[in-house]
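Since the structure comes first, as structure tokens, the remarks are kept for the end.
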Amino acid sequence: MEKNLKKALDKVLTDELDRMEALGNGLLVYHNGQEVYRNTFGIDSVEKGTKFTDKLIFRWCSMTKPITAIAVNQLIERGVISLDDPVGKYLPTYNNQKIYTENGLVDCKNPMTIWHLLHMVSGLDYPHPYNPVAKMVMEYYATLEGDDPDVARDTVSICSKLGELPLMYEPGAGWAYSTSADVLGAIVEVASGMKYSEYLKENVLNPLGMVDTDFYIPEEKWDRFASMYLREEDGSYNEFDPIFLGMKDRHYKQPFESGGAGLNGTMDDYAKVALCLVNDGTLPAQFSPNGQPVTLLQPETVKRMRTASLDDGQRAGMNWESLIGFNYGDLMRVLDRPEVCGYTPAFCGEFGWDGWTGNYVMMDPTNNITFVYFIQIGNGSRPSMYNRIKQTIYENVL
């Protein structure tokens with residue numbers, strides 16, 4: 001049935017552009033270790049008139065998180081850190097933390113651990129105006145956007161400062177999307193004794209042959225840096241490149257290397273991450289830089305990473321449209337209620353994540369299917385599109 005896949009997926013992607021839901025898009029699909037679909041459509045830059053291609057370097061945003069999960073679990077396998085380690089062992093500001101309540105601050109009963117961070121049940125939050133703790137985080141991030149030379153902006157300093165702020169609740173009491181992955185990046189830096197980018201290059205990026213992935217875009221690759229747009233209420237698009245979660249101009253090296261949202265790279269580079277994880281921690285030889293399988297993690301580790309780990313109380317916070325039917329593993333969604341996810345067939349154990357610019361990765365170990373889908377639209381999540389892609393793949397591959 002794969003002979004019909006190209007025609008069907010071409011239509012899904014071009015229909016999205018016809019509806020003006022994106023200006024350009026791209027999709028790579030793999031089944032049983034073989035590439036079964038590759039195509040891109042539309043434009044990258046309206047102003048420059050350039051096409052959307054698979055050579056572009058994209059802002060991965062939160063699709064950085066699964067890579068941070070790989071790094072953390074490598075150190076766990078090596079005995080350098082443990083899931084049960086308190087965060088304060090590596091970042092002292094997380095010792096003796098406080099919880100915000102309407103009646104004032106109260107002491108945490110239990111320390112935040114690496115497990116809490118991996119599962120987004122840490123009590124941390126991202127900056128936004130919708131609760132008092134997030135407002136405090138937002139006020140702190142505002143200081144990072146200025147030019148005050150006395151404001152420390154390196155990874156460990158930023159994540160240590162977050163530890164000085166109160167938590168929303170006791171670690172483990174609920175799920176909230178947060179700066180947890182950034183804190184994990186800082187822990188990797190402290191535990192390994194290496195700058196986070198250097199650790200990733202030596203232990204993840206270089207072994208997989210991810211030659212276009214980094215926390216910044218080198219000057220010789222600026223012409224390949226994807227344009228980013230924001231869709232307005234009237235359907236028009238405006239190009240912009242905001243200061244994002246403490247990160248400034250991605251054309252240059254920055255002191256803050258965000259484990260939650262900082263990496264940039266190509267579709268092919270991210271596909272290598274996905275192919276490694278769907279294959280239980282080993283990148284198949286046909287995709288590796290030296291023609292030999294590359295193992296980053298042991299199978300038992302990857303199986304734990306993609307295990308639905310939250311109880312009903314914790315998962316209550318996972319109320320996004322894109323997470324219907326999903327639980328959570330290590331910085332990734334994990335499907336455990338396929339009957340409500342919005343496409344059929346669907347298989348328990350499917351896992352992956354997405355990013356603020358609309359990018360999305362899906363890995364299905366049951367059928368050895370994975371895909372990476374890329375656009376560059378701010379606040380670009382589109383669950384109906386993700387489900388349409390999945391439905392089309394399953395209809396034409398299984």
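Letters A, B, ... go to the chains of the structure tokens in the order shown; residues in each chain start at 1; ligands are counted from 1 in the same order.
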**Item:** Residues flagged helix (DSSP H, G or I) by DSSP in segment 88-213 of chain A, as a ChimeraX atom specification
**Value:** /A:88-89,92-94,114-118,132-145,155-164,180-192,196-208
**Message:** Quick one: residues within 12 Å of Asp249 of chain A, only C-alpha atoms, excluding same-chain residues fewer than 2 positions away - as a list in words?
**Reply:**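 Near Asp249 of chain A, the qualifying residues are Arg59, Glu145, Phe215, Tyr216, Ile217, Pro218, Trp222, Phe225, Phe240, Asp241, Pro242, Ile243, Phe244, Leu245, Gly246, Met247, His251, Tyr252, Lys253, Gln254, Pro255, Phe256 and Gly262 of chain A.
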Residues from last step as file, C-alpha atoms, as a short mmCIF file (atom, residue, chain, number, x, y, z; two decimals), in the first residue's frame:
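Dumped everything to result10.cif:
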```cif
data_model
loop_
_atom_site.label_atom_id
_atom_site.label_comp_id
_atom_site.auth_asym_id
_atom_site.auth_seq_id
_atom_site.Cartn_x
_atom_site.Cartn_y
_atom_site.Cartn_z
CA ARG A 59 14.14 26.23 15.53
CA GLU A 145 15.89 40.20 27.89
CA PHE A 215 22.24 26.02 19.99
CA TYR A 216 23.10 28.68 17.41
CA ILE A 217 23.46 29.02 13.64
CA PRO A 218 27.07 29.48 12.39
CA TRP A 222 22.77 31.73 7.94
CA PHE A 225 18.18 29.41 8.74
CA PHE A 240 9.40 37.77 13.41
CA ASP A 241 12.15 36.28 15.58
CA PRO A 242 11.35 36.95 19.24
CA ILE A 243 13.47 36.68 22.35
CA PHE A 244 12.22 33.30 23.44
CA LEU A 245 12.35 31.89 26.99
CA GLY A 246 15.57 33.66 27.82
CA MET A 247 17.23 33.00 24.47
CA HIS A 251 22.72 33.65 14.90
CA TYR A 252 25.34 33.78 17.65
CA LYS A 253 26.52 31.65 20.55
CA GLN A 254 24.64 32.49 23.72
CA PRO A 255 25.58 31.71 27.33
CA PHE A 256 22.17 30.11 27.99
CA GLY A 262 17.25 25.80 22.51
#
```
**Request:** May I have all residues of segment 170-249 of chain A that DSSP, computed from the backbone, assigns to strand (DSSP E or B), given as a ChimeraX atom specification?
**Result:** /A:214,225,229-231,237-239,244,247
**Asked** From the list A:Leu13, A:Ile369, A:Val204, A:Leu310, which residue is nearest Arg333 of chain A when using only C-alpha atoms?
**Response** A:Leu310
**For atom CA of Asp312 of chain A and atom CA of Ile324 of chain A, the interatomic separation in Å (one decimal)** = 13.3 Å
Counting only C-alpha atoms, give me one row per residue of segment 169-268 of chain A with an atom at most 6 Å from an atom of segment 376-381 of chain A, showing the shortest contact pair and its distance in Å to one decimal, sorted by chain then residue number, as a Markdown table.
```
| residue | atom | partner | partner_atom | distance |
| --- | --- | --- | --- | --- |
| A:Met228 | CA | A:Gln376 | CA | 5.1 |
| A:Tyr229 | CA | A:Ile377 | CA | 5.0 |
| A:Leu230 | CA | A:Gly378 | CA | 5.0 |
```
Write the residues of the preceding selection, restricted to C-alpha atoms, as a PDB file, in the first residue's frame.
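Output file again12.pdb follows:
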```pdb
ATOM      1  CA  MET A 228       9.704  32.275  11.208  1.00  0.00           C
ATOM      2  CA  TYR A 229       6.219  33.760  11.043  1.00  0.00           C
ATOM      3  CA  LEU A 230       3.327  34.597  13.294  1.00  0.00           C
TER       4      LEU A 230
END
```
**Asked** Of the candidates A:Pro293, A:Gly281, A:Gly172, A:Gly235, which shows the shortest atom-to-atom distance to Ser309 of chain A, using only C-alpha atoms?
**Response**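 Once distances to Ser309 of chain A are computed over only C-alpha atoms, the minimum belongs to A:Gly172.
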**Request:** Name all residues at most 7 Å from Val372 of chain A (count only C-alpha atoms; drop same-chain ones fewer than 5 positions away) and give them as a list in words.
**Result:**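 With the cut-off at 7 Å, the set is Leu27, Leu28, Val29, Met267, Ala271, Tyr360, Val361 and Met362 of chain A.
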Selected residues written out with C-alpha atoms, as a PDB file, in the first residue's frame:
```
ATOM      1  CA  LEU A  27       7.491  15.701   6.238  1.00  0.00           C
ATOM      2  CA  LEU A  28       9.764  12.650   6.520  1.00  0.00           C
ATOM      3  CA  VAL A  29       8.265   9.205   7.197  1.00  0.00           C
ATOM      4  CA  MET A 267      14.608  17.629   9.455  1.00  0.00           C
ATOM      5  CA  ALA A 271      14.925  12.105  12.114  1.00  0.00           C
ATOM      6  CA  TYR A 360       6.119  17.438  15.595  1.00  0.00           C
ATOM      7  CA  VAL A 361       7.700  13.997  15.976  1.00  0.00           C
ATOM      8  CA  MET A 362       5.878  10.671  16.359  1.00  0.00           C
TER       9      MET A 362
END
```
As a PDB file with N, CA and C atoms, in the first residue's frame, please: the residues near segment 31-43 of chain A (cut-off 10 Å, only C-alpha atoms, same-chain neighbours under 5 positions excluded).
```pdb
ATOM      1  N   GLU A   2       2.173   1.130   0.256  1.00  0.00           N
ATOM      2  CA  GLU A   2       3.020   2.309   0.348  1.00  0.00           C
ATOM      3  C   GLU A   2       3.077   3.100  -0.969  1.00  0.00           C
ATOM      4  N   LYS A   3       2.739   2.429  -2.090  1.00  0.00           N
ATOM      5  CA  LYS A   3       2.755   3.138  -3.367  1.00  0.00           C
ATOM      6  C   LYS A   3       1.752   4.281  -3.398  1.00  0.00           C
ATOM      7  N   LEU A   5       1.086   6.051  -0.645  1.00  0.00           N
ATOM      8  CA  LEU A   5       1.405   6.953   0.451  1.00  0.00           C
ATOM      9  C   LEU A   5       1.821   8.331  -0.041  1.00  0.00           C
ATOM     10  N   LYS A   6       2.662   8.388  -1.060  1.00  0.00           N
ATOM     11  CA  LYS A   6       3.152   9.682  -1.526  1.00  0.00           C
ATOM     12  C   LYS A   6       2.008  10.580  -1.989  1.00  0.00           C
ATOM     13  N   LYS A   7       1.138  10.036  -2.809  1.00  0.00           N
ATOM     14  CA  LYS A   7       0.021  10.827  -3.314  1.00  0.00           C
ATOM     15  C   LYS A   7      -0.861  11.320  -2.174  1.00  0.00           C
ATOM     16  N   LEU A   9      -0.105  11.687   1.135  1.00  0.00           N
ATOM     17  CA  LEU A   9       0.528  12.657   2.008  1.00  0.00           C
ATOM     18  C   LEU A   9       0.797  13.981   1.293  1.00  0.00           C
ATOM     19  N   ASP A  10       1.125  13.921   0.010  1.00  0.00           N
ATOM     20  CA  ASP A  10       1.267  15.163  -0.761  1.00  0.00           C
ATOM     21  C   ASP A  10      -0.001  16.003  -0.639  1.00  0.00           C
ATOM     22  N   LEU A  13      -0.375  17.674   2.839  1.00  0.00           N
ATOM     23  CA  LEU A  13       0.500  18.828   3.012  1.00  0.00           C
ATOM     24  C   LEU A  13       0.075  20.010   2.151  1.00  0.00           C
ATOM     25  N   THR A  14      -0.281  19.752   0.903  1.00  0.00           N
ATOM     26  CA  THR A  14      -0.687  20.860   0.033  1.00  0.00           C
ATOM     27  C   THR A  14      -2.036  21.433   0.446  1.00  0.00           C
ATOM     28  N   GLU A  16      -2.991  21.760   3.480  1.00  0.00           N
ATOM     29  CA  GLU A  16      -2.698  22.667   4.589  1.00  0.00           C
ATOM     30  C   GLU A  16      -2.291  24.039   4.071  1.00  0.00           C
ATOM     31  N   LEU A  17      -1.480  24.062   3.013  1.00  0.00           N
ATOM     32  CA  LEU A  17      -1.060  25.339   2.444  1.00  0.00           C
ATOM     33  C   LEU A  17      -2.215  26.031   1.740  1.00  0.00           C
ATOM     34  N   ASP A  18      -3.064  25.249   1.074  1.00  0.00           N
ATOM     35  CA  ASP A  18      -4.222  25.831   0.409  1.00  0.00           C
ATOM     36  C   ASP A  18      -5.160  26.509   1.412  1.00  0.00           C
ATOM     37  N   ALA A  22      -0.330  27.336   6.891  1.00  0.00           N
ATOM     38  CA  ALA A  22       1.124  27.447   6.922  1.00  0.00           C
ATOM     39  C   ALA A  22       1.566  28.005   5.580  1.00  0.00           C
ATOM     40  N   LEU A  23       2.781  28.528   5.552  1.00  0.00           N
ATOM     41  CA  LEU A  23       3.355  29.016   4.301  1.00  0.00           C
ATOM     42  C   LEU A  23       4.209  27.963   3.620  1.00  0.00           C
ATOM     43  N   GLY A  24       4.803  27.094   4.422  1.00  0.00           N
ATOM     44  CA  GLY A  24       5.613  25.997   3.915  1.00  0.00           C
ATOM     45  C   GLY A  24       5.615  24.871   4.930  1.00  0.00           C
ATOM     46  N   ASN A  25       5.810  23.637   4.469  1.00  0.00           N
ATOM     47  CA  ASN A  25       5.836  22.504   5.386  1.00  0.00           C
ATOM     48  C   ASN A  25       6.686  21.383   4.799  1.00  0.00           C
ATOM     49  N   GLY A  26       7.085  20.457   5.658  1.00  0.00           N
ATOM     50  CA  GLY A  26       7.885  19.325   5.226  1.00  0.00           C
ATOM     51  C   GLY A  26       7.629  18.118   6.104  1.00  0.00           C
ATOM     52  N   LYS A  48      12.006  37.046   0.739  1.00  0.00           N
ATOM     53  CA  LYS A  48      13.123  36.643  -0.112  1.00  0.00           C
ATOM     54  C   LYS A  48      12.672  35.780  -1.289  1.00  0.00           C
ATOM     55  N   GLY A  49      11.469  35.238  -1.218  1.00  0.00           N
ATOM     56  CA  GLY A  49      10.980  34.371  -2.276  1.00  0.00           C
ATOM     57  C   GLY A  49      11.650  33.008  -2.301  1.00  0.00           C
ATOM     58  N   THR A  50      12.180  32.569  -1.160  1.00  0.00           N
ATOM     59  CA  THR A  50      12.877  31.279  -1.099  1.00  0.00           C
ATOM     60  C   THR A  50      11.913  30.142  -0.771  1.00  0.00           C
ATOM     61  N   LYS A  51      12.239  28.959  -1.250  1.00  0.00           N
ATOM     62  CA  LYS A  51      11.390  27.791  -1.065  1.00  0.00           C
ATOM     63  C   LYS A  51      11.646  27.114   0.288  1.00  0.00           C
ATOM     64  N   PHE A  52      10.655  26.416   0.742  1.00  0.00           N
ATOM     65  CA  PHE A  52      10.756  25.581   1.927  1.00  0.00           C
ATOM     66  C   PHE A  52      11.392  24.260   1.497  1.00  0.00           C
ATOM     67  N   THR A  53      12.581  23.920   2.038  1.00  0.00           N
ATOM     68  CA  THR A  53      13.281  22.701   1.628  1.00  0.00           C
ATOM     69  C   THR A  53      13.740  21.915   2.846  1.00  0.00           C
ATOM     70  N   ASP A  54      14.183  20.685   2.607  1.00  0.00           N
ATOM     71  CA  ASP A  54      14.670  19.857   3.704  1.00  0.00           C
ATOM     72  C   ASP A  54      16.108  20.195   4.107  1.00  0.00           C
ATOM     73  N   SER A 227      12.993  30.946   7.990  1.00  0.00           N
ATOM     74  CA  SER A 227      12.234  32.126   8.405  1.00  0.00           C
ATOM     75  C   SER A 227      11.105  31.693   9.328  1.00  0.00           C
ATOM     76  N   LEU A 275      14.667   7.950  14.881  1.00  0.00           N
ATOM     77  CA  LEU A 275      14.976   6.584  14.457  1.00  0.00           C
ATOM     78  C   LEU A 275      15.763   5.837  15.516  1.00  0.00           C
ATOM     79  N   VAL A 278      12.990   5.058  18.392  1.00  0.00           N
ATOM     80  CA  VAL A 278      11.997   4.051  18.017  1.00  0.00           C
ATOM     81  C   VAL A 278      12.627   2.675  17.895  1.00  0.00           C
ATOM     82  N   ASN A 279      13.953   2.649  17.706  1.00  0.00           N
ATOM     83  CA  ASN A 279      14.711   1.399  17.586  1.00  0.00           C
ATOM     84  C   ASN A 279      15.398   1.050  18.903  1.00  0.00           C
ATOM     85  N   LEU A 283      20.645   3.760  16.594  1.00  0.00           N
ATOM     86  CA  LEU A 283      20.407   4.240  15.237  1.00  0.00           C
ATOM     87  C   LEU A 283      20.841   3.167  14.256  1.00  0.00           C
ATOM     88  N   PRO A 284      19.948   2.706  13.368  1.00  0.00           N
ATOM     89  CA  PRO A 284      20.322   1.664  12.402  1.00  0.00           C
ATOM     90  C   PRO A 284      21.477   2.096  11.506  1.00  0.00           C
ATOM     91  N   ALA A 285      22.240   1.124  11.047  1.00  0.00           N
ATOM     92  CA  ALA A 285      23.469   1.390  10.294  1.00  0.00           C
ATOM     93  C   ALA A 285      23.228   2.250   9.067  1.00  0.00           C
ATOM     94  N   GLN A 286      22.091   2.069   8.399  1.00  0.00           N
ATOM     95  CA  GLN A 286      21.849   2.786   7.144  1.00  0.00           C
ATOM     96  C   GLN A 286      21.675   4.286   7.346  1.00  0.00           C
ATOM     97  N   PHE A 287      21.473   4.729   8.583  1.00  0.00           N
ATOM     98  CA  PHE A 287      21.309   6.153   8.853  1.00  0.00           C
ATOM     99  C   PHE A 287      22.498   6.754   9.607  1.00  0.00           C
ATOM    100  N   ASP A 364       6.299   5.189  16.758  1.00  0.00           N
ATOM    101  CA  ASP A 364       5.417   4.065  17.061  1.00  0.00           C
ATOM    102  C   ASP A 364       6.252   2.789  17.042  1.00  0.00           C
ATOM    103  N   PRO A 365       6.713   2.319  18.220  1.00  0.00           N
ATOM    104  CA  PRO A 365       7.546   1.115  18.240  1.00  0.00           C
ATOM    105  C   PRO A 365       6.797  -0.156  17.887  1.00  0.00           C
ATOM    106  N   ASN A 367       4.762  -0.697  15.400  1.00  0.00           N
ATOM    107  CA  ASN A 367       4.801  -0.893  13.948  1.00  0.00           C
ATOM    108  C   ASN A 367       6.087  -0.366  13.308  1.00  0.00           C
ATOM    109  N   ASN A 368       7.022   0.094  14.147  1.00  0.00           N
ATOM    110  CA  ASN A 368       8.287   0.668  13.671  1.00  0.00           C
ATOM    111  C   ASN A 368       8.033   1.752  12.623  1.00  0.00           C
ATOM    112  N   ILE A 369       7.198   2.718  13.019  1.00  0.00           N
ATOM    113  CA  ILE A 369       6.872   3.870  12.180  1.00  0.00           C
ATOM    114  C   ILE A 369       7.280   5.131  12.925  1.00  0.00           C
ATOM    115  N   THR A 370       7.901   6.050  12.233  1.00  0.00           N
ATOM    116  CA  THR A 370       8.165   7.361  12.806  1.00  0.00           C
ATOM    117  C   THR A 370       8.052   8.421  11.724  1.00  0.00           C
ATOM    118  N   PHE A 371       7.694   9.632  12.144  1.00  0.00           N
ATOM    119  CA  PHE A 371       7.726  10.742  11.199  1.00  0.00           C
ATOM    120  C   PHE A 371       8.131  12.017  11.918  1.00  0.00           C
ATOM    121  N   VAL A 372       8.726  12.931  11.145  1.00  0.00           N
ATOM    122  CA  VAL A 372       9.012  14.283  11.624  1.00  0.00           C
ATOM    123  C   VAL A 372       8.357  15.253  10.646  1.00  0.00           C
ATOM    124  N   TYR A 373       7.643  16.209  11.212  1.00  0.00           N
ATOM    125  CA  TYR A 373       6.873  17.196  10.437  1.00  0.00           C
ATOM    126  C   TYR A 373       7.330  18.578  10.884  1.00  0.00           C
ATOM    127  N   PHE A 374       7.610  19.459   9.916  1.00  0.00           N
ATOM    128  CA  PHE A 374       8.140  20.769  10.267  1.00  0.00           C
ATOM    129  C   PHE A 374       7.401  21.894   9.549  1.00  0.00           C
ATOM    130  N   ILE A 375       7.086  22.922  10.333  1.00  0.00           N
ATOM    131  CA  ILE A 375       6.716  24.237   9.829  1.00  0.00           C
ATOM    132  C   ILE A 375       7.474  25.239  10.707  1.00  0.00           C
ATOM    133  N   ILE A 393      -0.895   7.936   7.119  1.00  0.00           N
ATOM    134  CA  ILE A 393       0.216   6.967   7.135  1.00  0.00           C
ATOM    135  C   ILE A 393      -0.315   5.573   7.423  1.00  0.00           C
ATOM    136  N   VAL A 397       0.122   2.333   4.955  1.00  0.00           N
ATOM    137  CA  VAL A 397       1.308   1.540   5.274  1.00  0.00           C
ATOM    138  C   VAL A 397       0.953   0.196   5.904  1.00  0.00           C
ATOM    139  N   LEU A 398      -0.030   0.183   6.801  1.00  0.00           N
ATOM    140  CA  LEU A 398      -0.360  -1.071   7.494  1.00  0.00           C
ATOM    141  C   LEU A 398      -1.292  -1.932   6.664  1.00  0.00           C
TER     142      LEU A 398
END
```
**Message:** I'd like the neighbourhood of segment 326-330 of chain A as a list of chain:residue names, where a residue qualifies if any of its atoms comes within 6 Å (using only C-alpha atoms), though same-chain residues fewer than 2 positions away should be ignored.
**Reply:** A:Leu118, A:His119, A:Met305, A:Arg306, A:Thr307, A:Ala308, A:Ser309, A:Leu323, A:Ile324, A:Met332, A:Arg333, A:Val334, A:Leu335, A:Asp336
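Note that the spacing between atom CA of Thr143 of chain A and atom CA of Glu198 of chain A amounts to 26.5 Å.
For Asn387 of chain A, the residues within 9 Å (counting only C-alpha atoms, excluding itself and residues fewer than 5 positions away along the chain) are Cys341, Gly342, Tyr343, Arg382 and Thr392 of chain A.
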What would the file look like if the residues just selected were written as an mmCIF file, in the first residue's frame with N, CA and C atoms?
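Dumped everything to part15.cif:
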```
data_model
loop_
_atom_site.group_PDB
_atom_site.id
_atom_site.type_symbol
_atom_site.label_atom_id
_atom_site.label_comp_id
_atom_site.auth_asym_id
_atom_site.auth_seq_id
_atom_site.Cartn_x
_atom_site.Cartn_y
_atom_site.Cartn_z
ATOM 1 N N CYS A 341 -7.940 9.161 21.058
ATOM 2 C CA CYS A 341 -6.894 10.065 20.565
ATOM 3 C C CYS A 341 -7.247 10.756 19.247
ATOM 4 N N GLY A 342 -8.261 10.290 18.521
ATOM 5 C CA GLY A 342 -8.718 11.023 17.351
ATOM 6 C C GLY A 342 -8.286 10.466 16.011
ATOM 7 N N TYR A 343 -7.645 9.296 15.969
ATOM 8 C CA TYR A 343 -7.268 8.659 14.705
ATOM 9 C C TYR A 343 -7.222 7.159 14.942
ATOM 10 N N ARG A 382 -1.019 22.295 15.823
ATOM 11 C CA ARG A 382 -2.242 22.017 15.072
ATOM 12 C C ARG A 382 -2.559 20.524 15.180
ATOM 13 N N THR A 392 -3.376 9.120 7.670
ATOM 14 C CA THR A 392 -2.974 8.851 6.287
ATOM 15 C C THR A 392 -1.851 7.831 6.226
#
```
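Distance check against Lys55 of chain A using only C-alpha atoms: of A:Thr282, A:Asn319, A:Gln391, A:Thr266, the minimum falls on A:Thr266.
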